[in-house]
Amino acid sequence: MNKSMFETTEYTSRFLQLSEVKDYRQLVYAAERMYGTGGFGNSVAMCTALEGAAEVVIPEKAQYIRTILMELSMMQENLLRLAAIAETLNFDSLSMMCWTEREKILEILDDLTGNRMILSMCVPGGVRKSLDPEILEESLDELNVVMQKAETIKGIIAEDSMVKRRLRGVGVLAKEAAQGSSVTGPGAKGSGVDIDRRMLGEYGAYRNLDFVPVTETGGDCLARCMVKIREVIQSGELIRKAVENMPEGSIRSEMPAGINGEWIAKIEQPDGVDTFYISGSGSAFLDEIGVRTAGESNQKIMDRLENVTLENEALIRLTLGIDSCLKER
Amino acid sequence: MRSVAKIKDRFKIPGLKSLKVNSNWVFHFDGSGCDGCNAEYIACLSPGWDIERLGFRNTGNPSYADVLLVTGLLDEEAKRGLIEVYEQTRPDCKVVAAGVCACTGGLFDGSKGILSGADSVIPVDLYVAGCAVRPESIIDALMEITGNDTNKGTPEGEETA
Amino acid sequence: MGVMKIGKSLMNSLFAEPETSKYPEGGLKLSKASRGSIVIDEEACTLCRLCGRRCPSGAIKPDRSQSRIMIDRMKCLVCGECVEECPEHALSMAREYVSPDPSVLVDVYRASARVGSDSVLQGIEMPPEEIVSSEEKIPAVSTKEVQRIKRKKKNKKKKKKRNKKRNKPN
């Protein structure tokens, strides 16, 4: 779905109508299908908001499993964005390389959970099933192959002269302008601002895995593409650390029958920060839901950029994370 | 391709049957869906599954198309677009509805402004289930609708880990 | 010189194994945890209707008056909520997916395990030999011969409209 403001409000009103008929456990499936390629992240956000409103603490093993699946999902979405950018440049070889690597990650997800993109593994209170340890070991071996190819792709983006001629110096966003605005994700990281919602530790097991957000100076489209491919490599290392340190225990805790309270949950997606707001007053049917995606908040920066011409506009919008890349067809 | 289509329609030369079976152009229409089924169809064109070796090719002009593939949810705006596209297709073009939202409306059936499936707008020849629809299902549907009967593997084939 | 930086990986892919999966000729490969379709064990179901309340899209519909359960295959999201909810463990997830079909498939299963028989509910006590066994009363259909109701196609009117525009006979 197009993440511009108009369609997000259309989706939110569709979501609100469903909340009159379906209770909060069934709404998690509707939140997952908000955009299908990043579905797992949205279900984590909605479950975090529901658990916060009901004041329920989920076990540690469930947080680790959510982290592993979330990083895998972010890897495949970053590769999808890179493939779309390469296709806009008419660089078909690089685009096909990215699609091929994405298929290998989807096979790993298929072996672990049963479905490729829309996983249905996150429920309020924890995770539905635990991951088989033998299959996890084999997937780590396949991840090594993907990481080697990702290094090759990083070398091509950084040094190929066709890519540099089209992307260098295009859509420059200065550091001071990015700091005071509502831009998050690769738009801010490409200009040197190091904000990352995963560092706050509200969801997932990121507190125990030390990492530093990826930043680049430069502020143009080339820097943002480098941020995306370096995040793919960083996600692979995070997955390896999480598999080594996974604790034992239960995977699900009990939730009450009705939700009483309100909560806001924000998570980090490849395009920026997604926000979910929930409010209920005692019954299983929620009162109010609000959703805002990253594309809506990133769009406001387009007025302040200089030198936006007809040939550059598609590239700038794709790298900043405003447009979903599959609606161009 | 337009002249070949006219030859296929009018003359019905028996030797041209292999063209009808082995070479088909596909037009993909997406309503306001979630992009899940959209991404799976585009993954079919990537080197991972590669439907071009089976004879299918993606096109941007509905009057050249042999198969019209509909995915995603349909609301009022998409209905106008779908009728415009459908009126430009040839009479022997087949329609395939892929994914649960295009067949019956899926999870969002009953909401205001959502049509319950593509068959409330245009006649549909084949329904494919799944959320999101698997690439194997799309390949099964395309082979069946065009009469291509390459050997289909049994479900108890090789198993992965 | 960065003009053909991609040349090295292109030459490697000329001589390496192809990455394409040969789907129809090579056979279908499904993983162990794959979610394909829902299957009902007819002898264990007691028609408590908990699965119908839990389904997010309303695809599974138990019917107590006619002792049957209908599953709309083109609406089922294969999420697995009904499998978790059933107290008798009568529902299970099969690995094979539903094949494409020219009409909207609705599968009908008959529940043969009932709680109590009609004679006890009416207050008449019958001697044991005269109670009709449940197998004779409701013919149990095995899962291989599941009935399929096909919805009528609504496209006859549209076909006439479409052919009228092109001035062709029906």
# chains A, B, ... in the order shown; residues from 1 in each chain; ligands from 1
call {"tool": "select_by_dssp", "arguments": {"residues": "range 21-269 of chain A", "states": "alpha helix (DSSP H)", "output": "ChimeraX atom specification"}}
result
/A:24-32,39-54,60-88,92-113,133-159,161-167,175-179,186-189,221-244
call {"tool": "closest_atom_pairs", "arguments": {"of": "chain C", "to": "chain B", "cutoff": "7 Å", "atoms": "only C-alpha atoms", "output": "CSV"}}
result
residue,atom,partner,partner_atom,distance
C:Glu19,CA,B:Gly48,CA,6.2
C:Thr20,CA,B:Gly48,CA,4.7
C:Ser21,CA,B:Trp49,CA,5.7
C:Pro24,CA,B:Lys152,CA,4.7
C:Glu25,CA,B:Asn151,CA,5.5
C:Gly26,CA,B:Gly153,CA,6.4
C:Gly27,CA,B:Gly153,CA,3.7
C:Leu28,CA,B:Gly153,CA,5.6
C:Lys29,CA,B:Glu159,CA,5.4
C:Leu30,CA,B:Glu159,CA,6.0
C:Ser31,CA,B:Thr160,CA,5.4
C:Pro56,CA,B:Leu107,CA,6.8
C:Ser57,CA,B:Leu107,CA,4.5
C:Arg73,CA,B:Ala129,CA,6.9
C:Met74,CA,B:Ala129,CA,5.1
C:Lys75,CA,B:Gly106,CA,5.0
C:Leu77,CA,B:Cys131,CA,5.6
C:Glu96,CA,B:Pro155,CA,6.9
C:Val98,CA,B:Ala129,CA,6.7
C:Pro100,CA,B:Val128,CA,4.7
C:Asp101,CA,B:Tyr127,CA,5.5
C:Pro102,CA,B:Leu126,CA,4.3
C:Ser103,CA,B:Tyr127,CA,6.5
C:Val104,CA,B:Tyr127,CA,6.8
C:Asn155,CA,B:Pro123,CA,5.0
C:Lys158,CA,B:Pro123,CA,6.6
call {"tool": "write_last_selection", "arguments": {"atoms": "N, CA and C atoms", "output": "tab-separated table (two decimals), in the first residue's frame"}}
result
chain	number	residue	atom	x	y	z
C	19	GLU	N	20.43	-20.62	-9.87
C	19	GLU	CA	19.71	-20.40	-8.62
C	19	GLU	C	18.22	-20.68	-8.76
C	20	THR	N	17.77	-21.01	-9.97
C	20	THR	CA	16.33	-21.16	-10.16
C	20	THR	C	15.86	-22.48	-9.61
C	21	SER	N	14.71	-22.50	-8.98
C	21	SER	CA	14.12	-23.76	-8.52
C	21	SER	C	13.20	-24.25	-9.61
C	24	PRO	N	7.75	-27.10	-11.60
C	24	PRO	CA	6.86	-28.23	-11.89
C	24	PRO	C	7.60	-29.53	-12.18
C	25	GLU	N	8.80	-29.46	-12.80
C	25	GLU	CA	9.47	-30.71	-13.15
C	25	GLU	C	10.17	-31.30	-11.94
C	26	GLY	N	10.69	-30.44	-11.07
C	26	GLY	CA	11.52	-30.96	-9.99
C	26	GLY	C	10.74	-31.44	-8.79
C	27	GLY	N	9.43	-31.19	-8.74
C	27	GLY	CA	8.65	-31.65	-7.60
C	27	GLY	C	8.45	-30.54	-6.58
C	28	LEU	N	7.46	-30.75	-5.72
C	28	LEU	CA	7.10	-29.75	-4.73
C	28	LEU	C	7.87	-29.99	-3.45
C	29	LYS	N	8.44	-28.93	-2.87
C	29	LYS	CA	9.20	-29.09	-1.63
C	29	LYS	C	8.51	-28.27	-0.56
C	30	LEU	N	7.97	-28.94	0.44
C	30	LEU	CA	7.32	-28.24	1.54
C	30	LEU	C	8.09	-28.47	2.81
C	31	SER	N	8.16	-27.45	3.66
C	31	SER	CA	8.90	-27.63	4.91
C	31	SER	C	8.02	-28.34	5.92
C	56	PRO	N	-10.77	-15.18	12.64
C	56	PRO	CA	-10.75	-13.74	12.35
C	56	PRO	C	-11.52	-13.37	11.09
C	57	SER	N	-11.64	-14.27	10.12
C	57	SER	CA	-12.29	-13.88	8.89
C	57	SER	C	-13.63	-14.55	8.69
C	73	ARG	N	-12.87	-22.29	1.63
C	73	ARG	CA	-11.42	-22.36	1.40
C	73	ARG	C	-10.86	-21.07	0.85
C	74	MET	N	-11.71	-20.28	0.17
C	74	MET	CA	-11.19	-19.05	-0.41
C	74	MET	C	-11.31	-17.89	0.55
C	75	LYS	N	-11.56	-18.16	1.83
C	75	LYS	CA	-11.59	-17.10	2.82
C	75	LYS	C	-10.65	-17.40	3.98
C	77	LEU	N	-7.51	-17.85	6.16
C	77	LEU	CA	-6.19	-17.24	6.16
C	77	LEU	C	-5.10	-18.21	6.60
C	96	GLU	N	-0.31	-29.68	2.69
C	96	GLU	CA	-0.54	-29.35	1.28
C	96	GLU	C	-1.53	-28.21	1.17
C	98	VAL	N	-4.34	-25.73	-0.98
C	98	VAL	CA	-5.52	-25.99	-1.80
C	98	VAL	C	-5.20	-25.64	-3.25
C	100	PRO	N	-5.82	-24.55	-7.26
C	100	PRO	CA	-6.72	-23.58	-7.87
C	100	PRO	C	-7.98	-24.26	-8.41
C	101	ASP	N	-9.10	-23.56	-8.38
C	101	ASP	CA	-10.38	-24.15	-8.75
C	101	ASP	C	-11.20	-23.13	-9.51
C	102	PRO	N	-12.02	-23.58	-10.48
C	102	PRO	CA	-12.84	-22.61	-11.22
C	102	PRO	C	-14.03	-22.06	-10.47
C	103	SER	N	-14.28	-22.51	-9.21
C	103	SER	CA	-15.36	-21.88	-8.47
C	103	SER	C	-14.93	-21.78	-7.01
C	104	VAL	N	-15.69	-21.01	-6.22
C	104	VAL	CA	-15.32	-20.80	-4.82
C	104	VAL	C	-15.65	-22.08	-4.04
C	155	ASN	N	-21.61	-14.92	-13.34
C	155	ASN	CA	-21.07	-14.16	-14.46
C	155	ASN	C	-21.86	-14.31	-15.73
C	158	LYS	N	-22.84	-10.83	-16.90
C	158	LYS	CA	-21.73	-10.01	-17.38
C	158	LYS	C	-21.27	-10.48	-18.74
call {"tool": "interface_residues", "arguments": {"of": "chain A", "to": "chain B", "cutoff": "9 Å", "atoms": "only C-alpha atoms", "output": "mmCIF file with N, CA and C atoms, in the first residue's frame"}}
result
data_model
loop_
_atom_site.group_PDB
_atom_site.id
_atom_site.type_symbol
_atom_site.label_atom_id
_atom_site.label_comp_id
_atom_site.auth_asym_id
_atom_site.auth_seq_id
_atom_site.Cartn_x
_atom_site.Cartn_y
_atom_site.Cartn_z
ATOM 1 N N MET A 1 0.832 -1.194 0.000
ATOM 2 C CA MET A 1 0.000 0.000 0.000
ATOM 3 C C MET A 1 0.860 1.233 0.000
ATOM 4 N N ASN A 2 0.395 2.268 -0.600
ATOM 5 C CA ASN A 2 1.131 3.508 -0.694
ATOM 6 C C ASN A 2 1.111 4.169 0.663
ATOM 7 N N ARG A 14 -10.613 2.028 7.926
ATOM 8 C CA ARG A 14 -11.015 0.643 7.709
ATOM 9 C C ARG A 14 -10.719 -0.184 8.950
ATOM 10 N N GLN A 17 -13.303 0.528 11.691
ATOM 11 C CA GLN A 17 -14.588 -0.137 11.501
ATOM 12 C C GLN A 17 -14.505 -1.586 11.917
ATOM 13 N N LEU A 18 -13.370 -2.215 11.651
ATOM 14 C CA LEU A 18 -13.227 -3.606 12.042
ATOM 15 C C LEU A 18 -13.222 -3.741 13.545
ATOM 16 N N TYR A 29 -4.392 -9.852 13.544
ATOM 17 C CA TYR A 29 -4.240 -10.345 12.175
ATOM 18 C C TYR A 29 -4.519 -9.259 11.153
ATOM 19 N N ALA A 30 -5.425 -8.335 11.496
ATOM 20 C CA ALA A 30 -5.672 -7.238 10.566
ATOM 21 C C ALA A 30 -4.509 -6.257 10.563
ATOM 22 N N ARG A 33 -1.677 -7.305 8.225
ATOM 23 C CA ARG A 33 -1.857 -7.164 6.793
ATOM 24 C C ARG A 33 -1.916 -5.707 6.364
ATOM 25 N N MET A 34 -1.312 -4.843 7.147
ATOM 26 C CA MET A 34 -1.308 -3.441 6.770
ATOM 27 C C MET A 34 -0.358 -3.208 5.604
ATOM 28 N N TYR A 35 0.890 -3.654 5.710
ATOM 29 C CA TYR A 35 1.624 -3.864 4.474
ATOM 30 C C TYR A 35 2.351 -5.187 4.585
ATOM 31 N N GLY A 36 2.128 -6.008 3.567
ATOM 32 C CA GLY A 36 2.445 -7.416 3.685
ATOM 33 C C GLY A 36 3.912 -7.725 3.808
ATOM 34 N N THR A 37 4.799 -6.870 3.263
ATOM 35 C CA THR A 37 6.204 -7.210 3.306
ATOM 36 C C THR A 37 6.801 -6.923 4.669
ATOM 37 N N GLY A 39 5.028 -7.173 7.602
ATOM 38 C CA GLY A 39 3.908 -7.511 8.457
ATOM 39 C C GLY A 39 4.289 -7.865 9.872
ATOM 40 N N MET A 96 18.468 -7.931 -9.992
ATOM 41 C CA MET A 96 18.222 -9.366 -9.926
ATOM 42 C C MET A 96 19.075 -10.026 -8.856
ATOM 43 N N MET A 97 20.273 -9.487 -8.591
ATOM 44 C CA MET A 97 21.085 -10.046 -7.502
ATOM 45 C C MET A 97 20.365 -9.876 -6.168
ATOM 46 N N TRP A 99 17.097 -9.567 -5.653
ATOM 47 C CA TRP A 99 15.923 -10.442 -5.561
ATOM 48 C C TRP A 99 16.347 -11.864 -5.210
ATOM 49 N N THR A 100 17.472 -12.327 -5.769
ATOM 50 C CA THR A 100 17.899 -13.699 -5.498
ATOM 51 C C THR A 100 18.266 -13.881 -4.036
ATOM 52 N N GLU A 101 18.968 -12.900 -3.460
ATOM 53 C CA GLU A 101 19.339 -13.041 -2.050
ATOM 54 C C GLU A 101 18.115 -12.994 -1.156
ATOM 55 N N GLU A 103 15.243 -14.233 -1.831
ATOM 56 C CA GLU A 103 14.575 -15.528 -1.858
ATOM 57 C C GLU A 103 15.165 -16.486 -0.842
ATOM 58 N N LYS A 104 16.487 -16.378 -0.624
ATOM 59 C CA LYS A 104 17.106 -17.291 0.338
ATOM 60 C C LYS A 104 16.634 -16.979 1.751
ATOM 61 N N ASP A 111 11.129 -22.245 6.568
ATOM 62 C CA ASP A 111 11.489 -23.430 7.346
ATOM 63 C C ASP A 111 11.213 -23.233 8.824
ATOM 64 N N ASN A 115 5.394 -19.906 6.883
ATOM 65 C CA ASN A 115 4.903 -19.015 5.851
ATOM 66 C C ASN A 115 6.028 -18.072 5.493
ATOM 67 N N ARG A 116 5.920 -17.398 4.325
ATOM 68 C CA ARG A 116 7.075 -16.641 3.867
ATOM 69 C C ARG A 116 7.094 -15.216 4.376
ATOM 70 N N MET A 117 5.981 -14.492 4.248
ATOM 71 C CA MET A 117 6.023 -13.089 4.635
ATOM 72 C C MET A 117 5.108 -12.758 5.792
ATOM 73 N N ILE A 118 3.895 -13.312 5.794
ATOM 74 C CA ILE A 118 2.927 -12.992 6.829
ATOM 75 C C ILE A 118 2.967 -14.140 7.817
ATOM 76 N N GLU A 134 17.542 -27.425 15.640
ATOM 77 C CA GLU A 134 18.309 -27.961 14.508
ATOM 78 C C GLU A 134 18.145 -27.079 13.280
ATOM 79 N N ILE A 135 16.908 -26.627 13.056
ATOM 80 C CA ILE A 135 16.664 -25.803 11.879
ATOM 81 C C ILE A 135 17.351 -24.456 12.047
ATOM 82 N N GLU A 138 20.976 -24.839 10.899
ATOM 83 C CA GLU A 138 21.149 -24.864 9.445
ATOM 84 C C GLU A 138 20.921 -23.489 8.843
ATOM 85 N N SER A 324 6.143 3.315 -1.046
ATOM 86 C CA SER A 324 6.359 1.877 -1.104
ATOM 87 C C SER A 324 6.707 1.542 -2.536
ATOM 88 N N LEU A 326 6.421 -0.945 -4.600
ATOM 89 C CA LEU A 326 5.801 -1.906 -5.496
ATOM 90 C C LEU A 326 4.596 -1.343 -6.204
ATOM 91 N N LYS A 327 4.204 -0.090 -5.911
ATOM 92 C CA LYS A 327 3.007 0.429 -6.538
ATOM 93 C C LYS A 327 3.318 1.167 -7.817
ATOM 94 N N ARG A 329 4.280 -0.112 -10.487
ATOM 95 C CA ARG A 329 3.924 -0.836 -11.715
ATOM 96 C C ARG A 329 2.542 -0.404 -12.118
#
call {"tool": "interface_residues", "arguments": {"of": "chain C", "to": "chain A", "cutoff": "12 Å", "atoms": "only C-alpha atoms", "output": "PyMOL selection string"}}
result
chain C and resi 1-10+12-13+18-21+29-37+53-58+77-82+84+93-97
call {"tool": "write_last_selection", "arguments": {"atoms": "N, CA and C atoms", "output": "short mmCIF file (atom, residue, chain, number, x, y, z; two decimals), in the first residue's frame"}}
result
data_model
loop_
_atom_site.label_atom_id
_atom_site.label_comp_id
_atom_site.auth_asym_id
_atom_site.auth_seq_id
_atom_site.Cartn_x
_atom_site.Cartn_y
_atom_site.Cartn_z
N MET C 1 39.35 1.68 -11.61
CA MET C 1 38.32 2.04 -12.59
C MET C 1 37.03 1.30 -12.25
N GLY C 2 35.99 2.03 -11.96
CA GLY C 2 34.81 1.35 -11.45
C GLY C 2 33.72 1.15 -12.47
N VAL C 3 34.08 1.09 -13.76
CA VAL C 3 33.01 0.99 -14.75
C VAL C 3 32.39 -0.39 -14.72
N MET C 4 33.21 -1.44 -14.67
CA MET C 4 32.64 -2.77 -14.70
C MET C 4 32.94 -3.47 -13.39
N LYS C 5 32.60 -2.82 -12.30
CA LYS C 5 32.82 -3.44 -10.99
C LYS C 5 31.98 -4.69 -10.86
N ILE C 6 30.86 -4.73 -11.58
CA ILE C 6 29.98 -5.88 -11.44
C ILE C 6 30.45 -7.02 -12.33
N GLY C 7 31.49 -6.77 -13.17
CA GLY C 7 31.93 -7.79 -14.12
C GLY C 7 32.38 -9.08 -13.45
N LYS C 8 32.99 -8.95 -12.25
CA LYS C 8 33.52 -10.15 -11.60
C LYS C 8 32.39 -11.09 -11.19
N SER C 9 31.32 -10.51 -10.62
CA SER C 9 30.24 -11.41 -10.18
C SER C 9 29.47 -11.95 -11.37
N LEU C 10 29.45 -11.18 -12.49
CA LEU C 10 28.78 -11.71 -13.68
C LEU C 10 29.53 -12.91 -14.22
N ASN C 12 31.38 -14.90 -12.50
CA ASN C 12 31.19 -16.03 -11.58
C ASN C 12 29.87 -16.72 -11.84
N SER C 13 28.82 -15.94 -12.13
CA SER C 13 27.51 -16.56 -12.28
C SER C 13 27.39 -17.28 -13.61
N PRO C 18 22.89 -22.82 -11.35
CA PRO C 18 21.79 -21.86 -11.43
C PRO C 18 20.99 -21.80 -10.14
N GLU C 19 20.43 -20.62 -9.87
CA GLU C 19 19.71 -20.40 -8.62
C GLU C 19 18.22 -20.68 -8.76
N THR C 20 17.77 -21.01 -9.97
CA THR C 20 16.33 -21.16 -10.16
C THR C 20 15.86 -22.48 -9.61
N SER C 21 14.71 -22.50 -8.98
CA SER C 21 14.12 -23.76 -8.52
C SER C 21 13.20 -24.25 -9.61
N LYS C 29 8.44 -28.93 -2.87
CA LYS C 29 9.20 -29.09 -1.63
C LYS C 29 8.51 -28.27 -0.56
N LEU C 30 7.97 -28.94 0.44
CA LEU C 30 7.32 -28.24 1.54
C LEU C 30 8.09 -28.47 2.81
N SER C 31 8.16 -27.45 3.66
CA SER C 31 8.90 -27.63 4.91
C SER C 31 8.02 -28.34 5.92
N LYS C 32 8.64 -28.73 7.05
CA LYS C 32 7.91 -29.51 8.05
C LYS C 32 6.82 -28.69 8.71
N ALA C 33 7.06 -27.40 8.88
CA ALA C 33 6.11 -26.56 9.60
C ALA C 33 5.16 -25.83 8.67
N SER C 34 5.08 -26.27 7.41
CA SER C 34 4.32 -25.52 6.42
C SER C 34 2.83 -25.53 6.73
N ARG C 35 2.17 -24.40 6.47
CA ARG C 35 0.74 -24.28 6.77
C ARG C 35 -0.02 -24.29 5.46
N GLY C 36 -0.77 -25.36 5.21
CA GLY C 36 -1.44 -25.48 3.93
C GLY C 36 -2.94 -25.32 4.03
N SER C 37 -3.60 -26.24 4.76
CA SER C 37 -5.05 -26.17 4.85
C SER C 37 -5.49 -26.86 6.15
N ARG C 53 -16.28 -18.91 16.66
CA ARG C 53 -16.19 -17.62 17.32
C ARG C 53 -14.79 -17.05 17.25
N ARG C 54 -13.79 -17.90 17.11
CA ARG C 54 -12.40 -17.46 17.19
C ARG C 54 -11.86 -17.04 15.83
N CYS C 55 -12.50 -17.49 14.74
CA CYS C 55 -11.92 -17.26 13.42
C CYS C 55 -11.91 -15.78 13.07
N PRO C 56 -10.77 -15.18 12.64
CA PRO C 56 -10.75 -13.74 12.35
C PRO C 56 -11.52 -13.37 11.09
N SER C 57 -11.64 -14.27 10.12
CA SER C 57 -12.29 -13.88 8.89
C SER C 57 -13.63 -14.55 8.69
N GLY C 58 -14.06 -15.40 9.61
CA GLY C 58 -15.37 -16.03 9.48
C GLY C 58 -15.42 -17.10 8.42
N LEU C 77 -7.51 -17.85 6.16
CA LEU C 77 -6.19 -17.24 6.16
C LEU C 77 -5.10 -18.21 6.60
N VAL C 78 -5.47 -19.41 7.01
CA VAL C 78 -4.58 -20.46 7.53
C VAL C 78 -3.70 -19.91 8.66
N CYS C 79 -4.34 -19.26 9.64
CA CYS C 79 -3.58 -18.69 10.73
C CYS C 79 -3.34 -19.69 11.84
N GLY C 80 -4.30 -20.66 12.05
CA GLY C 80 -4.12 -21.67 13.07
C GLY C 80 -4.80 -21.37 14.39
N GLU C 81 -5.66 -20.34 14.46
CA GLU C 81 -6.33 -20.03 15.71
C GLU C 81 -7.33 -21.12 16.09
N CYS C 82 -8.05 -21.66 15.10
CA CYS C 82 -9.06 -22.67 15.42
C CYS C 82 -8.40 -23.96 15.88
N GLU C 84 -5.72 -24.18 17.68
CA GLU C 84 -5.34 -24.01 19.09
C GLU C 84 -6.54 -24.06 20.01
N MET C 93 -3.64 -29.11 11.09
CA MET C 93 -3.12 -28.36 9.94
C MET C 93 -2.40 -29.32 9.01
N ALA C 94 -2.88 -29.40 7.78
CA ALA C 94 -2.22 -30.25 6.79
C ALA C 94 -1.18 -29.43 6.04
N ARG C 95 -0.21 -30.10 5.44
CA ARG C 95 0.90 -29.39 4.80
C ARG C 95 0.60 -28.99 3.37
N GLU C 96 -0.31 -29.68 2.69
CA GLU C 96 -0.54 -29.35 1.28
C GLU C 96 -1.53 -28.21 1.17
N TYR C 97 -1.30 -27.34 0.18
CA TYR C 97 -2.20 -26.20 0.01
C TYR C 97 -3.33 -26.59 -0.94
#
call {"tool": "residues_around", "arguments": {"residues": "Gly201 in chain A", "least_positions_apart": "3", "cutoff": "12 Å", "atoms": "only C-alpha atoms", "output": "PDB file with C-alpha atoms, in the first residue's frame"}}
result
ATOM      1  CA  THR A  48       3.492  -4.370  22.608  1.00  0.00           C
ATOM      2  CA  GLN A  63      11.537 -11.422  23.435  1.00  0.00           C
ATOM      3  CA  THR A  67      14.027 -10.257  17.897  1.00  0.00           C
ATOM      4  CA  ASP A 196      17.348   4.332  16.439  1.00  0.00           C
ATOM      5  CA  ARG A 197      14.249   3.251  18.279  1.00  0.00           C
ATOM      6  CA  ARG A 198      15.712  -0.160  19.055  1.00  0.00           C
ATOM      7  CA  GLY A 204      12.785  -7.145  21.960  1.00  0.00           C
ATOM      8  CA  ALA A 205      16.073  -8.223  23.504  1.00  0.00           C
ATOM      9  CA  TYR A 206      18.184  -5.358  22.125  1.00  0.00           C
ATOM     10  CA  ARG A 207      19.360  -4.299  25.566  1.00  0.00           C
ATOM     11  CA  ASN A 208      21.542  -7.374  25.897  1.00  0.00           C
ATOM     12  CA  LEU A 209      23.024  -7.243  22.385  1.00  0.00           C
ATOM     13  CA  ASP A 210      25.411  -4.296  22.159  1.00  0.00           C
ATOM     14  CA  ALA A 265       4.098   1.763  20.987  1.00  0.00           C
ATOM     15  CA  LYS A 266       6.781   2.823  18.489  1.00  0.00           C
ATOM     16  CA  ILE A 267       9.014   0.427  16.615  1.00  0.00           C
ATOM     17  CA  GLU A 268      11.810   0.727  14.118  1.00  0.00           C
TER      18      GLU A 268
END
call {"tool": "residues_around", "arguments": {"residues": "Ile278 in chain A", "least_positions_apart": "4", "cutoff": "9 Å", "atoms": "only C-alpha atoms", "output": "JSON, numbers by chain"}}
result
{"A": [46, 49, 50, 53, 261, 262, 263, 264, 265, 286, 287, 288, 289, 290]}
call {"tool": "write_last_selection", "arguments": {"atoms": "N, CA and C atoms", "output": "compact mmCIF listing (two decimals), in the first residue's frame"}}
result
# COMPACT_ATOMS: atom_id res chain seq x y z
N MET A 46 1.62 -3.85 17.65
CA MET A 46 0.29 -3.91 18.23
C MET A 46 0.29 -4.75 19.51
N ALA A 49 1.72 -2.72 22.38
CA ALA A 49 0.76 -1.75 22.90
C ALA A 49 -0.29 -2.42 23.77
N LEU A 50 -0.77 -3.60 23.35
CA LEU A 50 -1.79 -4.29 24.14
C LEU A 50 -1.23 -4.76 25.47
N ALA A 53 -0.89 -1.74 27.81
CA ALA A 53 -2.15 -1.25 28.37
C ALA A 53 -2.67 -2.19 29.43
N GLY A 261 -7.21 0.76 29.68
CA GLY A 261 -6.06 1.65 29.72
C GLY A 261 -5.68 2.07 28.32
N GLU A 262 -4.60 2.83 28.21
CA GLU A 262 -4.13 3.27 26.90
C GLU A 262 -2.61 3.22 26.85
N TRP A 263 -2.08 3.06 25.63
CA TRP A 263 -0.63 2.91 25.46
C TRP A 263 -0.25 3.31 24.06
N ILE A 264 0.99 3.82 23.91
CA ILE A 264 1.56 4.12 22.59
C ILE A 264 2.79 3.26 22.42
N ALA A 265 2.92 2.60 21.28
CA ALA A 265 4.10 1.76 20.99
C ALA A 265 4.73 2.24 19.69
N LEU A 286 -11.98 -2.77 21.44
CA LEU A 286 -11.23 -1.57 21.76
C LEU A 286 -12.02 -0.32 21.42
N ASP A 287 -11.70 0.78 22.12
CA ASP A 287 -12.38 2.03 21.86
C ASP A 287 -11.77 2.79 20.71
N GLU A 288 -10.45 2.98 20.79
CA GLU A 288 -9.80 3.82 19.79
C GLU A 288 -8.50 3.20 19.35
N ILE A 289 -8.24 3.32 18.05
CA ILE A 289 -6.96 2.86 17.51
C ILE A 289 -6.42 3.97 16.63
N GLY A 290 -5.13 4.22 16.68
CA GLY A 290 -4.51 5.18 15.77
C GLY A 290 -3.23 4.62 15.22
call {"tool": "residues_around", "arguments": {"residues": "range 42-44 of chain A", "least_positions_apart": "6", "cutoff": "7 Å", "atoms": "only C-alpha atoms", "output": "ChimeraX atom specification"}}
result
/A:28,31-32,122
